[in-house]
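Asker: Here you go, this is entry35.cif (mmCIF, C-alpha atoms and all ligand atoms).
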data_target
#
loop_
_atom_site.label_atom_id
_atom_site.label_comp_id
_atom_site.auth_asym_id
_atom_site.auth_seq_id
_atom_site.Cartn_x
_atom_site.Cartn_y
_atom_site.Cartn_z
CA MET A 1 -0.35 -16.14 -15.66
CA SER A 2 -0.22 -13.21 -18.07
CA LEU A 3 -2.98 -10.62 -17.57
CA ASP A 4 -5.19 -9.99 -20.61
CA ARG A 5 -6.57 -6.69 -19.32
CA PRO A 6 -5.22 -3.31 -20.47
CA LEU A 7 -2.64 -1.79 -18.13
CA ARG A 8 -1.71 1.33 -20.08
CA SER A 9 -2.27 3.82 -17.26
CA VAL A 10 -1.66 2.77 -13.65
CA LEU A 11 -2.33 5.70 -11.30
CA TYR A 12 -0.92 5.96 -7.78
CA ILE A 13 -3.40 7.45 -5.34
CA PRO A 14 -2.33 8.34 -1.80
CA ALA A 15 -4.69 6.27 0.38
CA SER A 16 -4.75 9.16 2.85
CA LYS A 17 -6.51 11.53 0.42
CA PRO A 18 -10.29 10.98 0.24
CA ARG A 19 -10.68 13.59 -2.50
CA ALA A 20 -8.17 11.83 -4.75
CA LEU A 21 -9.71 8.43 -3.89
CA ASP A 22 -13.05 9.79 -5.04
CA LYS A 23 -11.69 11.51 -8.14
CA ALA A 24 -10.22 8.25 -9.44
CA ARG A 25 -13.73 6.78 -9.80
CA GLY A 26 -14.18 9.03 -12.84
CA LEU A 27 -10.73 8.85 -14.41
CA PRO A 28 -10.13 6.73 -17.55
CA VAL A 29 -7.25 4.75 -16.01
CA ASP A 30 -6.79 1.03 -16.53
CA ALA A 31 -5.51 0.38 -13.01
CA ILE A 32 -5.07 2.11 -9.67
CA ILE A 33 -2.35 1.62 -7.09
CA PHE A 34 -3.87 2.61 -3.75
CA ASP A 35 -0.73 3.70 -1.95
CA LEU A 36 -0.05 3.18 1.75
CA GLU A 37 3.73 3.59 1.29
CA ASP A 38 5.66 6.62 0.01
CA ALA A 39 2.70 8.92 -0.72
CA VAL A 40 1.49 8.69 2.90
CA THR A 41 3.25 10.35 5.84
CA ALA A 42 4.18 8.35 8.96
CA GLU A 43 1.56 10.26 10.96
CA GLU A 44 -1.20 9.28 8.48
CA LYS A 45 -0.26 5.61 7.98
CA GLU A 46 -2.77 4.12 10.42
CA THR A 47 -5.73 6.29 9.41
CA ALA A 48 -4.95 5.88 5.69
CA ARG A 49 -5.56 2.14 6.08
CA GLY A 50 -9.08 2.83 7.37
CA THR A 51 -9.76 5.51 4.73
CA LEU A 52 -8.78 3.07 2.00
CA ALA A 53 -10.88 0.23 3.43
CA GLU A 54 -13.92 2.55 3.40
CA ALA A 55 -13.28 3.74 -0.17
CA LEU A 56 -12.93 0.17 -1.45
CA ALA A 57 -16.00 -1.00 0.47
CA GLN A 58 -17.94 1.85 -1.12
CA GLY A 59 -16.68 0.76 -4.58
CA GLY A 60 -17.28 2.66 -7.80
CA TYR A 61 -13.93 1.82 -9.41
CA GLY A 62 -15.57 -0.22 -12.18
CA ALA A 63 -13.37 -2.41 -14.36
CA ARG A 64 -10.15 -0.70 -13.26
CA MET A 65 -7.65 -3.10 -11.71
CA LYS A 66 -7.31 -2.38 -7.98
CA ILE A 67 -3.83 -2.83 -6.50
CA ILE A 68 -2.90 -1.96 -2.91
CA ARG A 69 0.71 -0.95 -2.23
CA ILE A 70 1.53 -1.76 1.38
CA ASN A 71 4.52 -0.65 3.43
CA GLY A 72 7.53 -2.97 3.56
CA LEU A 73 7.34 -5.82 6.05
CA ASP A 74 10.46 -4.41 7.73
CA THR A 75 8.51 -1.30 8.78
CA ALA A 76 6.18 -0.72 11.71
CA TRP A 77 3.12 -0.80 9.42
CA GLY A 78 3.85 -3.53 6.86
CA ALA A 79 2.36 -6.60 8.58
CA ASP A 80 -0.84 -4.76 9.61
CA ASP A 81 -1.14 -3.34 6.09
CA ALA A 82 -0.79 -6.83 4.64
CA ARG A 83 -3.48 -8.28 6.92
CA ALA A 84 -5.84 -5.38 6.18
CA ALA A 85 -5.16 -5.42 2.42
CA ALA A 86 -5.94 -9.13 2.20
CA ASP A 87 -9.47 -8.33 3.44
CA MET A 88 -10.15 -5.36 1.16
CA GLY A 89 -11.06 -7.29 -1.97
CA ALA A 90 -8.34 -5.78 -4.16
CA ASP A 91 -7.08 -7.52 -7.30
CA ALA A 92 -3.48 -7.61 -6.04
CA ILE A 93 -1.20 -6.59 -3.20
CA LEU A 94 1.98 -4.76 -4.17
CA LEU A 95 5.10 -5.14 -2.03
CA PRO A 96 7.72 -2.36 -2.26
CA LYS A 97 11.48 -2.85 -2.54
CA VAL A 98 11.38 -6.57 -3.29
CA SER A 99 14.94 -7.83 -3.33
CA SER A 100 14.48 -11.61 -3.31
CA PRO A 101 11.72 -14.25 -3.53
CA ALA A 102 11.95 -14.59 0.27
CA ASP A 103 10.33 -11.13 0.57
CA LEU A 104 7.31 -12.47 -1.31
CA ASP A 105 7.25 -15.66 0.76
CA ALA A 106 7.01 -13.52 3.89
CA LEU A 107 4.09 -11.56 2.43
CA ALA A 108 2.30 -14.67 1.17
CA ALA A 109 2.54 -16.16 4.68
CA ILE A 110 0.23 -13.31 5.76
CA THR A 111 -1.95 -12.80 2.68
CA GLY A 112 -2.57 -16.46 1.72
CA ASP A 113 -3.95 -16.87 -1.79
CA ALA A 114 -4.04 -13.16 -2.69
CA PRO A 115 -2.28 -12.37 -5.98
CA LEU A 116 0.95 -10.44 -5.43
CA TRP A 117 2.82 -7.77 -7.40
CA ALA A 118 6.39 -6.65 -6.74
CA MET A 119 8.01 -3.20 -6.85
CA MET A 120 11.36 -3.61 -8.62
CA GLU A 121 13.51 -0.78 -7.31
CA THR A 122 16.64 -2.06 -5.57
CA PRO A 123 19.95 -3.19 -7.08
CA ALA A 124 19.49 -6.62 -5.47
CA GLY A 125 15.99 -6.78 -6.97
CA MET A 126 17.46 -6.20 -10.43
CA LEU A 127 20.04 -8.97 -9.98
CA ASN A 128 17.40 -11.36 -8.60
CA ALA A 129 14.67 -10.39 -11.09
CA ALA A 130 14.42 -13.86 -12.65
CA ALA A 131 14.04 -15.63 -9.29
CA ILE A 132 11.52 -13.03 -8.09
CA ALA A 133 9.45 -13.32 -11.28
CA ALA A 134 9.29 -17.11 -10.83
CA HIS A 135 7.40 -16.76 -7.52
CA PRO A 136 4.13 -18.74 -7.80
CA LYS A 137 1.94 -16.00 -6.31
CA LEU A 138 3.38 -13.19 -8.43
CA GLN A 139 1.36 -11.69 -11.29
CA GLY A 140 3.06 -8.40 -12.07
CA LEU A 141 6.12 -6.16 -11.72
CA VAL A 142 6.16 -2.38 -11.21
CA MET A 143 9.38 -0.47 -11.90
CA GLY A 144 10.30 1.89 -9.07
CA THR A 145 12.61 4.11 -11.06
CA ASN A 146 12.89 6.84 -8.40
CA ASP A 147 14.18 4.45 -5.75
CA LEU A 148 16.38 2.67 -8.28
CA ALA A 149 17.95 5.97 -9.42
CA LYS A 150 18.53 6.88 -5.78
CA GLU A 151 20.18 3.53 -4.97
CA LEU A 152 22.37 3.67 -8.08
CA ASN A 153 23.27 7.32 -7.51
CA THR A 154 22.50 8.05 -11.16
CA ARG A 155 21.78 11.43 -12.68
CA ALA A 156 18.47 11.91 -14.50
CA ARG A 157 18.71 11.67 -18.30
CA ALA A 158 15.92 11.84 -20.85
CA ASP A 159 17.09 8.56 -22.42
CA ARG A 160 17.29 6.84 -18.99
CA LEU A 161 20.59 5.26 -20.00
CA PRO A 162 21.71 4.63 -16.39
CA LEU A 163 18.51 2.65 -15.73
CA GLN A 164 18.48 0.60 -18.92
CA ALA A 165 20.25 -2.45 -17.49
CA GLY A 166 17.71 -2.73 -14.66
CA LEU A 167 14.71 -2.06 -16.89
CA GLY A 168 15.96 -4.70 -19.34
CA LEU A 169 16.57 -7.35 -16.67
CA CYS A 170 13.07 -6.86 -15.24
CA LEU A 171 11.47 -6.95 -18.69
CA LEU A 172 13.27 -10.21 -19.50
CA ALA A 173 12.20 -11.71 -16.17
CA ALA A 174 8.56 -10.64 -16.60
CA LYS A 175 8.32 -11.95 -20.16
CA ALA A 176 10.03 -15.24 -19.28
CA HIS A 177 7.41 -15.87 -16.61
CA GLY A 178 4.35 -14.39 -18.35
CA LEU A 179 3.93 -11.53 -15.88
CA ALA A 180 2.54 -8.07 -16.48
CA ILE A 181 5.13 -5.28 -16.19
CA VAL A 182 4.60 -1.54 -15.96
CA ASP A 183 7.17 1.25 -16.24
CA GLY A 184 8.13 3.76 -13.53
CA VAL A 185 6.68 7.23 -12.98
CA TYR A 186 7.55 10.45 -14.81
CA ASN A 187 8.02 13.00 -12.04
CA ALA A 188 7.46 16.24 -14.01
CA PHE A 189 3.69 15.81 -14.12
CA LYS A 190 3.07 19.04 -16.07
CA ASP A 191 5.51 18.12 -18.89
CA ASP A 192 3.34 16.30 -21.46
CA GLU A 193 6.05 16.26 -24.10
CA GLY A 194 8.63 14.60 -21.85
CA LEU A 195 6.03 12.12 -20.64
CA ALA A 196 5.04 11.21 -24.20
CA LEU A 197 8.68 10.52 -25.09
CA GLU A 198 9.21 8.34 -22.02
CA CYS A 199 5.96 6.44 -22.78
CA GLU A 200 7.11 5.84 -26.32
CA GLN A 201 10.43 4.51 -25.08
CA GLY A 202 8.65 2.27 -22.56
CA ARG A 203 6.22 0.92 -25.15
CA ASP A 204 9.05 0.26 -27.61
CA MET A 205 10.83 -1.71 -24.87
CA GLY A 206 7.80 -3.91 -24.20
CA PHE A 207 6.21 -2.48 -21.06
CA ASP A 208 2.44 -2.98 -20.76
CA GLY A 209 1.94 0.55 -19.47
CA LYS A 210 3.22 3.22 -17.14
CA THR A 211 2.68 4.19 -13.52
CA LEU A 212 1.42 7.75 -13.03
CA ILE A 213 1.28 10.24 -10.19
CA HIS A 214 -1.28 12.79 -11.43
CA PRO A 215 -4.56 12.71 -13.41
CA ALA A 216 -3.05 15.11 -15.97
CA GLN A 217 -0.80 12.25 -17.16
CA VAL A 218 -3.60 9.82 -18.04
CA ASP A 219 -4.56 10.85 -21.57
CA VAL A 220 -0.99 11.12 -22.89
CA THR A 221 -0.19 7.68 -21.48
CA ASN A 222 -3.35 5.97 -22.71
CA THR A 223 -2.70 7.31 -26.21
CA ALA A 224 0.96 6.28 -26.22
CA TYR A 225 0.20 2.72 -25.05
CA SER A 226 -2.83 2.16 -27.33
CA PRO A 227 -2.41 0.59 -30.76
CA SER A 228 -2.77 3.40 -33.32
CA GLU A 229 -5.23 3.23 -36.25
CA ALA A 230 -2.23 2.69 -38.57
CA GLU A 231 -0.96 -0.20 -36.44
CA ILE A 232 -4.41 -1.80 -36.37
CA ASP A 233 -4.75 -1.40 -40.14
CA THR A 234 -1.33 -3.00 -40.75
CA ALA A 235 -2.15 -5.86 -38.38
CA ARG A 236 -5.44 -6.57 -40.18
CA ARG A 237 -3.73 -6.55 -43.58
CA GLN A 238 -0.98 -8.86 -42.31
CA ILE A 239 -3.56 -11.35 -41.02
CA GLU A 240 -5.54 -11.23 -44.29
CA ALA A 241 -2.44 -11.57 -46.46
CA PHE A 242 -1.09 -14.48 -44.43
CA ASP A 243 -4.46 -16.28 -44.43
CA ALA A 244 -4.52 -15.92 -48.23
CA VAL A 245 -1.02 -17.31 -48.82
CA GLU A 246 -1.58 -20.08 -46.29
CA ALA A 247 -4.71 -21.14 -48.15
CA SER A 248 -2.58 -21.51 -51.25
CA GLY A 249 -0.05 -23.67 -49.42
CA GLN A 250 2.66 -21.06 -48.78
CA GLY A 251 4.12 -19.90 -45.46
CA VAL A 252 5.27 -16.35 -46.22
CA ALA A 253 3.27 -13.28 -47.28
CA VAL A 254 4.57 -9.81 -48.12
CA VAL A 255 2.88 -6.64 -46.79
CA ASP A 256 4.27 -3.14 -47.36
CA GLY A 257 7.46 -4.69 -48.71
CA LYS A 258 8.10 -6.76 -45.57
CA ILE A 259 7.75 -10.47 -45.01
CA VAL A 260 4.91 -11.75 -42.83
CA GLU A 261 5.34 -15.17 -41.24
CA ASN A 262 3.43 -17.08 -38.59
CA LEU A 263 5.13 -15.22 -35.74
CA HIS A 264 4.23 -11.82 -37.19
CA VAL A 265 0.62 -12.92 -37.44
CA GLU A 266 0.67 -13.91 -33.77
CA THR A 267 1.87 -10.38 -32.92
CA ALA A 268 -0.79 -8.88 -35.18
CA ARG A 269 -3.56 -10.91 -33.54
CA LYS A 270 -2.31 -9.86 -30.12
CA LEU A 271 -2.43 -6.21 -31.13
CA ILE A 272 -6.02 -6.54 -32.39
CA ALA A 273 -7.00 -8.32 -29.15
CA GLN A 274 -5.39 -5.49 -27.19
CA ALA A 275 -7.35 -2.86 -29.15
CA GLU A 276 -10.56 -4.81 -28.47
CA ALA A 277 -9.78 -5.07 -24.75
CA ILE A 278 -9.17 -1.31 -24.62
CA ALA A 279 -12.49 -0.64 -26.39
CA ALA A 280 -14.29 -2.96 -23.95
CA MET A 281 -12.65 -1.15 -21.03
CA ALA A 282 -13.84 2.22 -22.39
CA GLU A 283 -17.40 0.86 -22.55
CA GLY A 284 -17.06 0.06 -18.85
C1 LIG B 301 1.81 15.48 -7.13
C2 LIG B 301 0.65 15.84 -6.23
C3 LIG B 301 1.15 16.10 -4.83
C4 LIG B 301 -0.02 17.10 -6.75
O1 LIG B 301 -1.16 17.33 -5.95
P1 LIG B 301 -2.09 18.59 -6.12
O2 LIG B 301 -1.27 19.84 -6.01
O3 LIG B 301 -3.26 18.42 -5.19
O4 LIG B 301 -2.56 18.47 -7.61
P2 LIG B 301 -3.71 19.23 -8.30
O5 LIG B 301 -4.20 20.38 -7.52
O6 LIG B 301 -3.22 19.50 -9.69
O7 LIG B 301 -4.85 18.14 -8.38
C5 LIG B 301 -5.94 18.33 -9.25
C6 LIG B 301 -7.02 17.34 -8.87
O8 LIG B 301 -6.54 16.03 -9.07
C7 LIG B 301 -6.61 15.30 -7.86
N1 LIG B 301 -5.41 14.45 -7.79
C8 LIG B 301 -4.14 14.84 -7.71
N2 LIG B 301 -3.32 13.78 -7.73
C9 LIG B 301 -4.13 12.70 -7.81
C10 LIG B 301 -3.88 11.31 -7.87
N3 LIG B 301 -2.62 10.83 -7.82
N4 LIG B 301 -4.92 10.49 -7.99
C11 LIG B 301 -6.20 10.96 -8.04
N5 LIG B 301 -6.50 12.29 -7.99
C12 LIG B 301 -5.46 13.13 -7.86
C13 LIG B 301 -6.63 16.33 -6.75
O9 LIG B 301 -7.26 15.79 -5.62
C14 LIG B 301 -7.44 17.42 -7.42
O10 LIG B 301 -8.80 16.98 -7.37
P3 LIG B 301 -9.99 18.05 -7.31
O11 LIG B 301 -9.65 18.96 -6.18
O12 LIG B 301 -11.21 17.21 -7.06
O13 LIG B 301 -10.01 18.73 -8.65
C15 LIG B 301 -0.40 14.72 -6.25
O14 LIG B 301 -0.81 14.54 -7.56
C16 LIG B 301 0.01 13.44 -5.60
O15 LIG B 301 0.04 13.31 -4.41
N6 LIG B 301 0.30 12.43 -6.44
C17 LIG B 301 0.60 11.12 -6.02
C18 LIG B 301 2.02 11.04 -5.54
C19 LIG B 301 2.31 9.61 -5.22
O16 LIG B 301 1.44 8.79 -5.26
N7 LIG B 301 3.56 9.31 -4.93
C20 LIG B 301 3.96 7.99 -4.63
C21 LIG B 301 4.00 7.16 -5.83
S1 LIG B 301 5.39 7.43 -6.85
C22 LIG B 301 6.49 6.27 -6.26
O17 LIG B 301 6.48 5.98 -5.11
C23 LIG B 301 7.35 5.63 -7.26
C24 LIG B 301 8.22 4.45 -6.86
O18 LIG B 301 8.09 3.90 -5.61
C25 LIG B 301 9.63 4.77 -7.21
O19 LIG B 301 10.52 4.48 -6.40
O20 LIG B 301 9.85 5.25 -8.32
MG MG B 302 9.81 3.46 -4.59
#
Please, can you express the file's structure as structure tokens?
Ligand SMILES: CC(C)(COP(=O)(O)OP(=O)(O)OC[C@H]1O[C@@H](n2cnc3c(N)ncnc32)[C@H](O)[C@@H]1OP(=O)(O)O)[C@@H](O)C(=O)NCCC(=O)NCCSC(=O)C[C@H](O)C(=O)O
Ligand SMILES: [Mg+2]

Answerer:
Amino acid sequence: MSLDRPLRSVLYIPASKPRALDKARGLPVDAIIFDLEDAVTAEEKETARGTLAEALAQGGYGARMKIIRINGLDTAWGADDARAAADMGADAILLPKVSSPADLDALAAITGDAPLWAMMETPAGMLNAAAIAAHPKLQGLVMGTNDLAKELNTRARADRLPLQAGLGLCLLAAKAHGLAIVDGVYNAFKDDEGLALECEQGRDMGFDGKTLIHPAQVDVTNTAYSPSEAEIDTARRQIEAFDAVEASGQGVAVVDGKIVENLHVETARKLIAQAEAIAAMAEG
């Protein structure tokens, strides 16, 4: 069920803010999370639902993936959000604070066949990541690193050492079940250097992209999560070299002093496909 679309930049937009909802129509993001949860005050929850329904009915979001984050089903708004979201024509519905597959069962009982995504941001969610990722309606995981840090009572560190166990468990669960997985937000939205470092760490770890809170974070993130020219060049040379040795009956090529086997060629082909998908996305 792996998604073949780019998910480098996944921008949260408070569903209560018409100006931000409009601005996103022109931003080069791969996906949008229309947020009814934490970015919306209790007083605005009901009206935000209507504002979002209007914005989505109006359209204009192009090829960007449209994900609606509802409130938890244990809140006063969750069930109504879920019913409304199922009718808004989004690509997925995102449930916050998923701690077990039963949370997704409860949502699916309301939303029927709609594809689901899960926020991974509780200690129980980390421990149950494999069972959550196996849910038949689930297509993607979003790391909620702010909530996770709060629950774990960690202190913020640039290397995110206190979060690594949780990030790793969720990555393993997503990969084992062919799900998309995007990293948590970087709160200091004016700090491009810190964001670039965190993106690089996330990409090295295997995330498909990063969630964002402000338009100023989009370009840094898209660049960090796109294959570079050097990576594309190496991938092409690996494919060519392997094709050549294979034609002569051998199974191992050497490129830049490193061996290239079948599995490396698979990775290289995936990287080229990713670059092509990004180019197609840019063309709209
Ligand atoms: C962080 C902000 C409150 C800053 O808002 P503001 O001061 O209005 O920013 P700017 O004046 O710099 O905005 C410039 C223009 O950009 C538009 N804008 C701002 N943010 C967004 C956005 N997210 N999407 C689209 N457009 C946006 C403004 O409207 C301005 O437009 P214009 O006037 O036309 O030039 C604000 O950025 C914000 O609210 N961000 C979202 C915060 C949010 O979504 N939080 C919840 C998600 S994070 C989370 O929950 C993580 C997870 O659950 C966890 O546990 O980790
Ligand atoms: Mg959260």

Asker: Just how far from CA of Ala180 (chain A) is atom C13 of ligand LIG 301 (chain B), in Å to one decimal?

Answerer: 27.8 Å

Asker: Residues within 8 Å of ligand LIG 301 (chain B), counting only C-alpha atoms and all ligand atoms: report them as an mmCIF file with C-alpha atoms, in the frame of the given file.

Answerer:
data_model
loop_
_atom_site.group_PDB
_atom_site.id
_atom_site.type_symbol
_atom_site.label_atom_id
_atom_site.label_comp_id
_atom_site.auth_asym_id
_atom_site.auth_seq_id
_atom_site.Cartn_x
_atom_site.Cartn_y
_atom_site.Cartn_z
ATOM 1 C CA LEU A 11 -2.330 5.700 -11.300
ATOM 2 C CA TYR A 12 -0.920 5.960 -7.780
ATOM 3 C CA ILE A 13 -3.400 7.450 -5.340
ATOM 4 C CA PRO A 14 -2.330 8.340 -1.800
ATOM 5 C CA LYS A 17 -6.510 11.530 0.420
ATOM 6 C CA ARG A 19 -10.680 13.590 -2.500
ATOM 7 C CA ALA A 20 -8.170 11.830 -4.750
ATOM 8 C CA LEU A 21 -9.710 8.430 -3.890
ATOM 9 C CA ASP A 22 -13.050 9.790 -5.040
ATOM 10 C CA LYS A 23 -11.690 11.510 -8.140
ATOM 11 C CA ALA A 24 -10.220 8.250 -9.440
ATOM 12 C CA ASP A 35 -0.730 3.700 -1.950
ATOM 13 C CA GLU A 37 3.730 3.590 1.290
ATOM 14 C CA ASP A 38 5.660 6.620 0.010
ATOM 15 C CA ALA A 39 2.700 8.920 -0.720
ATOM 16 C CA VAL A 40 1.490 8.690 2.900
ATOM 17 C CA PRO A 96 7.720 -2.360 -2.260
ATOM 18 C CA MET A 119 8.010 -3.200 -6.850
ATOM 19 C CA GLU A 121 13.510 -0.780 -7.310
ATOM 20 C CA MET A 143 9.380 -0.470 -11.900
ATOM 21 C CA GLY A 144 10.300 1.890 -9.070
ATOM 22 C CA THR A 145 12.610 4.110 -11.060
ATOM 23 C CA ASN A 146 12.890 6.840 -8.400
ATOM 24 C CA ASP A 147 14.180 4.450 -5.750
ATOM 25 C CA LEU A 148 16.380 2.670 -8.280
ATOM 26 C CA GLY A 184 8.130 3.760 -13.530
ATOM 27 C CA VAL A 185 6.680 7.230 -12.980
ATOM 28 C CA PHE A 189 3.690 15.810 -14.120
ATOM 29 C CA THR A 211 2.680 4.190 -13.520
ATOM 30 C CA LEU A 212 1.420 7.750 -13.030
ATOM 31 C CA ILE A 213 1.280 10.240 -10.190
ATOM 32 C CA HIS A 214 -1.280 12.790 -11.430
ATOM 33 C CA PRO A 215 -4.560 12.710 -13.410
ATOM 34 C CA ALA A 216 -3.050 15.110 -15.970
#

Asker: Quick one: pull the distance between CA of Gly178 (chain A) and CA of Leu138 (chain A), Å, one decimal.

Answerer: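 So the answer is 10.0 Å.
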
Asker: My list of candidates is A:Ala82, A:Ile181, A:Met88, A:Val98. Which is closest to ligand MG 302 (chain B) when distances are computed with only C-alpha atoms and all ligand atoms?

Answerer: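 Checking each of A:Ala82, A:Ile181, A:Met88, A:Val98 against ligand MG 302 (chain B), counting only C-alpha atoms and all ligand atoms, the winner is A:Val98.
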
Asker: Taking into account only C-alpha atoms, which residue in the set A:Ile33, A:Ala118, A:Ile272, A:Leu169 is nearest to Leu104 (chain A)?

Answerer: A:Ala118

Asker: Please determine, counting all atoms listed in the file, which residue among A:Thr41, A:Val142, A:Asp4, A:Ala48 has the shortest atom-to-atom distance to ligand MG 302 (chain B).

Answerer: A:Val142

Asker: Restricting the calculation to all atoms listed in the file: of A:Arg83, A:Lys150, A:Arg269, A:Arg8, which residue gets closest to ligand MG 302 (chain B)?

Answerer: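 Nearest to ligand MG 302 (chain B): A:Lys150.
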
Asker: Ranking A:Asp243, A:Glu46, A:Asp80, A:Asp183 by minimum distance to Met205 (chain A) and counting all atoms listed in the file, which one comes first?

Answerer: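 Comparing A:Asp243, A:Glu46, A:Asp80, A:Asp183 against Met205 (chain A), the winner is A:Asp183.
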
Asker: Determine, counting only C-alpha atoms, which protein, DNA and RNA residues have an atom within 10 Å of an atom of Ala133 (chain A); residues of the same chain fewer than 2 positions away are not included. Present the result as a PDB file with C-alpha atoms, keeping the file's coordinate frame.

Answerer:
ATOM      1  CA  SER A 100      14.480 -11.610  -3.310  1.00  0.00           C
ATOM      2  CA  PRO A 101      11.720 -14.250  -3.530  1.00  0.00           C
ATOM      3  CA  TRP A 117       2.820  -7.770  -7.400  1.00  0.00           C
ATOM      4  CA  ALA A 118       6.390  -6.650  -6.740  1.00  0.00           C
ATOM      5  CA  ASN A 128      17.400 -11.360  -8.600  1.00  0.00           C
ATOM      6  CA  ALA A 129      14.670 -10.390 -11.090  1.00  0.00           C
ATOM      7  CA  ALA A 130      14.420 -13.860 -12.650  1.00  0.00           C
ATOM      8  CA  ALA A 131      14.040 -15.630  -9.290  1.00  0.00           C
ATOM      9  CA  HIS A 135       7.400 -16.760  -7.520  1.00  0.00           C
ATOM     10  CA  PRO A 136       4.130 -18.740  -7.800  1.00  0.00           C
ATOM     11  CA  LYS A 137       1.940 -16.000  -6.310  1.00  0.00           C
ATOM     12  CA  LEU A 138       3.380 -13.190  -8.430  1.00  0.00           C
ATOM     13  CA  GLN A 139       1.360 -11.690 -11.290  1.00  0.00           C
ATOM     14  CA  GLY A 140       3.060  -8.400 -12.070  1.00  0.00           C
ATOM     15  CA  LEU A 141       6.120  -6.160 -11.720  1.00  0.00           C
ATOM     16  CA  CYS A 170      13.070  -6.860 -15.240  1.00  0.00           C
ATOM     17  CA  LEU A 171      11.470  -6.950 -18.690  1.00  0.00           C
ATOM     18  CA  LEU A 172      13.270 -10.210 -19.500  1.00  0.00           C
ATOM     19  CA  ALA A 173      12.200 -11.710 -16.170  1.00  0.00           C
ATOM     20  CA  ALA A 174       8.560 -10.640 -16.600  1.00  0.00           C
ATOM     21  CA  LYS A 175       8.320 -11.950 -20.160  1.00  0.00           C
ATOM     22  CA  ALA A 176      10.030 -15.240 -19.280  1.00  0.00           C
ATOM     23  CA  HIS A 177       7.410 -15.870 -16.610  1.00  0.00           C
ATOM     24  CA  GLY A 178       4.350 -14.390 -18.350  1.00  0.00           C
ATOM     25  CA  LEU A 179       3.930 -11.530 -15.880  1.00  0.00           C
TER      26      LEU A 179
END

Asker: Between CA of Ala57 (chain A) and CA of Ile93 (chain A), what is the distance, to one decimal in Å?

Answerer: 16.2 Å
